[in-house]
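In what follows, a single structure is set out as structure tokens and then discussed.
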Amino acid sequence: MNIAHTIQTICVYAIPLLFAITMHEAAHGWMASKFGDNTARMLGRVTLNPLPHVDPFGTIVLPLIMLVGSSLAGMGGMIFGWAKPVPVVTRYMRDPRWGMVWVAAAGPAANLLQGVFWAILFKILLLAGLRGGFFIDMCLAGISVNFILMALNLLPILPLDGGRILNGFLPYRWSVEFERMERYGIFILLVLMATGLLSYFLKPFLIFANWFVNLIV
């Protein structure tokens, strides 16, 4: 058991993960306000301050367990987590159906932008002469965490963002039936993770992330 390596892994992933999760939720609230629902803004959720978004288990405990477990197993930084969901009240929206599509898309878009940010910072550090060390590792962690969270949230399963986006394009009758499946969404996700089928969906995003990093290096 390499305790030092485990602590280093936690430190490397802490900042990228915290902001990846919390800015994802803040983006939902910001987009909701653009469509007329200021609920999240009034509750202080449209902020870059991570504290209002932190869910004790989803943001801290579960990612920590996964990081420690995967690090001790020599599998690298495998990560999953969530923040407190941002409240969205569709009746306040000028166009609830399309508003929810944009609100849902804002979260993964925030992760995409953060992935690009960490990639640019990675390039800057390389130009400054750094070829390894804590900050290089943190940039790589930021890239992988954000692209993985973006990919996970784009799964076309309710209550994930991909499911919300898909629902906005379905005819009303299909939409009603699709919404009834939301109660099974977490179980479907767990089955995909347990069977390894989830990796087939994540793989294109990880290939893109790797290509993007190689492009800027």
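Scheme for the structure tokens: letters A, B, ... for chains in order shown; per-chain residue numbers from 1; ligand numbers from 1 in order shown.
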Mind listing the alpha helix (DSSP H) residues of range 148-213 of chain A, per DSSP on the backbone, as a ChimeraX atom specification? /A:148-153,161-169,172-179,185-195,198-213
Which residues are near range 23-37 of chain A? Cut-off 7 Å, only C-alpha atoms, ignore same chain within fewer than 5 positions. Put them as a list in words. Arg45, Val46, Thr47, Leu48, Ala83, Pro85, Val86, Val88, Val89, Tyr92, Met93, Arg94, Gly99, Trp102, Val103, Ala104, Ala106, Gly107, Pro108, Ala110 and Asn111 of chain A
Restricting the output to N, CA, C and O atoms, write the selected residues as a CSV table (one decimal), in the first residue's frame.
chain,number,residue,atom,x,y,z
A,45,ARG,N,-27.0,29.8,-6.1
A,45,ARG,CA,-26.4,28.7,-6.8
A,45,ARG,C,-25.7,29.1,-8.1
A,45,ARG,O,-25.0,28.2,-8.7
A,46,VAL,N,-25.9,30.3,-8.5
A,46,VAL,CA,-25.2,30.7,-9.7
A,46,VAL,C,-23.9,31.4,-9.3
A,46,VAL,O,-23.8,32.7,-9.3
A,47,THR,N,-22.9,30.7,-8.9
A,47,THR,CA,-21.7,31.2,-8.3
A,47,THR,C,-20.6,30.2,-8.6
A,47,THR,O,-20.8,29.0,-8.7
A,48,LEU,N,-19.3,30.8,-8.7
A,48,LEU,CA,-18.2,30.0,-8.9
A,48,LEU,C,-17.6,29.5,-7.5
A,48,LEU,O,-16.7,28.7,-7.5
A,83,ALA,N,-22.8,17.1,-7.5
A,83,ALA,CA,-23.0,18.2,-6.5
A,83,ALA,C,-24.5,18.2,-6.2
A,83,ALA,O,-25.3,17.4,-6.7
A,85,PRO,N,-28.1,19.1,-6.7
A,85,PRO,CA,-28.8,19.5,-7.9
A,85,PRO,C,-29.3,20.9,-7.8
A,85,PRO,O,-29.8,21.4,-6.8
A,86,VAL,N,-29.1,21.7,-8.9
A,86,VAL,CA,-29.7,23.0,-8.9
A,86,VAL,C,-31.2,23.0,-9.1
A,86,VAL,O,-31.6,22.3,-10.1
A,88,VAL,N,-34.6,23.9,-10.6
A,88,VAL,CA,-35.2,24.5,-11.8
A,88,VAL,C,-36.7,24.4,-11.8
A,88,VAL,O,-37.2,23.3,-11.6
A,89,VAL,N,-37.3,25.6,-11.9
A,89,VAL,CA,-38.8,25.6,-11.8
A,89,VAL,C,-39.3,26.0,-13.2
A,89,VAL,O,-39.2,27.2,-13.6
A,92,TYR,N,-41.7,29.0,-14.5
A,92,TYR,CA,-41.2,30.4,-14.5
A,92,TYR,C,-40.5,30.6,-15.9
A,92,TYR,O,-40.2,31.8,-16.2
A,93,MET,N,-40.3,29.6,-16.7
A,93,MET,CA,-39.6,29.8,-18.0
A,93,MET,C,-40.5,30.3,-19.0
A,93,MET,O,-41.7,29.9,-19.1
A,94,ARG,N,-40.0,31.1,-19.9
A,94,ARG,CA,-40.7,31.6,-21.1
A,94,ARG,C,-41.1,30.4,-22.0
A,94,ARG,O,-42.1,30.4,-22.7
A,99,GLY,N,-36.3,25.5,-22.9
A,99,GLY,CA,-35.5,26.0,-21.8
A,99,GLY,C,-34.8,24.8,-21.1
A,99,GLY,O,-33.6,24.9,-20.8
A,102,TRP,N,-31.8,23.5,-23.0
A,102,TRP,CA,-30.6,24.4,-22.9
A,102,TRP,C,-30.0,24.3,-21.5
A,102,TRP,O,-28.8,24.4,-21.3
A,103,VAL,N,-30.9,24.3,-20.5
A,103,VAL,CA,-30.4,24.1,-19.1
A,103,VAL,C,-29.6,22.8,-19.0
A,103,VAL,O,-28.5,22.8,-18.4
A,104,ALA,N,-30.1,21.7,-19.5
A,104,ALA,CA,-29.4,20.5,-19.4
A,104,ALA,C,-28.1,20.5,-20.2
A,104,ALA,O,-27.1,20.0,-19.7
A,106,ALA,N,-26.2,23.0,-20.7
A,106,ALA,CA,-25.2,23.9,-20.1
A,106,ALA,C,-24.2,23.2,-19.2
A,106,ALA,O,-23.0,23.6,-19.1
A,107,GLY,N,-24.6,22.1,-18.5
A,107,GLY,CA,-23.7,21.4,-17.6
A,107,GLY,C,-22.6,20.8,-18.3
A,107,GLY,O,-21.4,21.0,-18.0
A,108,PRO,N,-22.9,19.9,-19.3
A,108,PRO,CA,-21.8,19.3,-20.1
A,108,PRO,C,-20.9,20.3,-20.8
A,108,PRO,O,-19.7,20.1,-21.0
A,110,ALA,N,-20.2,23.2,-19.7
A,110,ALA,CA,-19.3,23.8,-18.7
A,110,ALA,C,-18.1,22.8,-18.5
A,110,ALA,O,-16.9,23.3,-18.4
A,111,ASN,N,-18.3,21.5,-18.6
A,111,ASN,CA,-17.2,20.6,-18.4
A,111,ASN,C,-16.3,20.6,-19.7
A,111,ASN,O,-15.1,20.5,-19.6
7 Å contact set for Val54 in chain A, only C-alpha atoms, chain neighbours under 5 positions out, as a ChimeraX atom specification: /A:22,59,83-84
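Using only C-alpha atoms, the protein and nucleic acid residues lying no more than 7 Å from Gly115 in chain A, apart from those fewer than 6 places from it along its own chain, are Gly142, Ile143, Asn146 and Phe147 of chain A.
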Go ahead and dump the residues you just picked, N, CA, C and O atoms, as a PDB file, in the first residue's frame.
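Okay, this is what ended up in again.pdb:
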ATOM      1  N   GLY A 142      -7.476  17.370 -14.699  1.00  0.00           N
ATOM      2  CA  GLY A 142      -8.566  18.263 -15.058  1.00  0.00           C
ATOM      3  C   GLY A 142      -9.154  17.934 -16.418  1.00  0.00           C
ATOM      4  O   GLY A 142     -10.380  17.988 -16.606  1.00  0.00           O
ATOM      5  N   ILE A 143      -8.300  17.575 -17.355  1.00  0.00           N
ATOM      6  CA  ILE A 143      -8.774  17.201 -18.689  1.00  0.00           C
ATOM      7  C   ILE A 143      -9.607  15.926 -18.615  1.00  0.00           C
ATOM      8  O   ILE A 143     -10.741  15.872 -19.117  1.00  0.00           O
ATOM      9  N   ASN A 146     -13.053  16.230 -16.548  1.00  0.00           N
ATOM     10  CA  ASN A 146     -14.108  16.989 -17.208  1.00  0.00           C
ATOM     11  C   ASN A 146     -14.671  16.280 -18.430  1.00  0.00           C
ATOM     12  O   ASN A 146     -15.885  16.317 -18.665  1.00  0.00           O
ATOM     13  N   PHE A 147     -13.828  15.617 -19.196  1.00  0.00           N
ATOM     14  CA  PHE A 147     -14.345  14.899 -20.358  1.00  0.00           C
ATOM     15  C   PHE A 147     -15.139  13.670 -19.934  1.00  0.00           C
ATOM     16  O   PHE A 147     -16.130  13.313 -20.571  1.00  0.00           O
TER      17      PHE A 147
END
As an exercise, work out the distance from CA of Leu155 in chain A to CA of Phe201 in chain A in Å and give it to one decimal place. 8.0 Å
Shell around Leu192 in chain A at 12 Å using only C-alpha atoms, local window under 5 positions removed, as a compact mmCIF listing (two decimals) with N, CA, C and O atoms, in the first residue's frame:
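Writing done, so here's selection-v6.txt:
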# COMPACT_ATOMS: atom_id res chain seq x y z
N LEU A 152 -20.44 11.17 -19.24
CA LEU A 152 -21.43 10.52 -18.38
C LEU A 152 -22.76 11.26 -18.39
O LEU A 152 -23.83 10.66 -18.49
N LEU A 155 -25.18 10.79 -21.40
CA LEU A 155 -25.91 9.55 -21.61
C LEU A 155 -27.41 9.86 -21.74
O LEU A 155 -27.96 10.60 -20.91
N ILE A 157 -30.16 9.09 -20.69
CA ILE A 157 -30.91 8.43 -19.63
C ILE A 157 -31.36 9.49 -18.63
O ILE A 157 -30.55 10.31 -18.18
N GLY A 185 -33.50 5.23 -13.90
CA GLY A 185 -32.29 5.75 -14.52
C GLY A 185 -31.02 5.35 -13.80
O GLY A 185 -30.04 4.91 -14.41
N ILE A 186 -31.01 5.50 -12.47
CA ILE A 186 -29.79 5.20 -11.71
C ILE A 186 -29.45 3.71 -11.79
O ILE A 186 -28.27 3.33 -11.84
N PHE A 187 -30.47 2.86 -11.83
CA PHE A 187 -30.23 1.43 -11.93
C PHE A 187 -29.67 1.06 -13.31
O PHE A 187 -28.79 0.20 -13.42
N LEU A 197 -20.36 -1.96 -20.19
CA LEU A 197 -20.92 -1.36 -21.40
C LEU A 197 -20.74 0.16 -21.41
O LEU A 197 -20.69 0.77 -22.48
N LEU A 198 -20.63 0.74 -20.24
CA LEU A 198 -20.45 2.19 -20.16
C LEU A 198 -19.17 2.64 -20.86
O LEU A 198 -19.11 3.72 -21.43
N SER A 199 -18.15 1.79 -20.82
CA SER A 199 -16.87 2.15 -21.42
C SER A 199 -16.98 2.38 -22.92
O SER A 199 -16.24 3.18 -23.49
N TYR A 200 -17.93 1.68 -23.58
CA TYR A 200 -18.10 1.86 -25.02
C TYR A 200 -18.63 3.25 -25.34
O TYR A 200 -18.32 3.82 -26.39
N PHE A 201 -19.43 3.81 -24.42
CA PHE A 201 -19.93 5.16 -24.62
C PHE A 201 -18.87 6.20 -24.28
O PHE A 201 -18.76 7.23 -24.96
N LEU A 202 -18.08 5.93 -23.26
CA LEU A 202 -17.06 6.89 -22.82
C LEU A 202 -15.87 6.93 -23.76
O LEU A 202 -15.21 7.96 -23.88
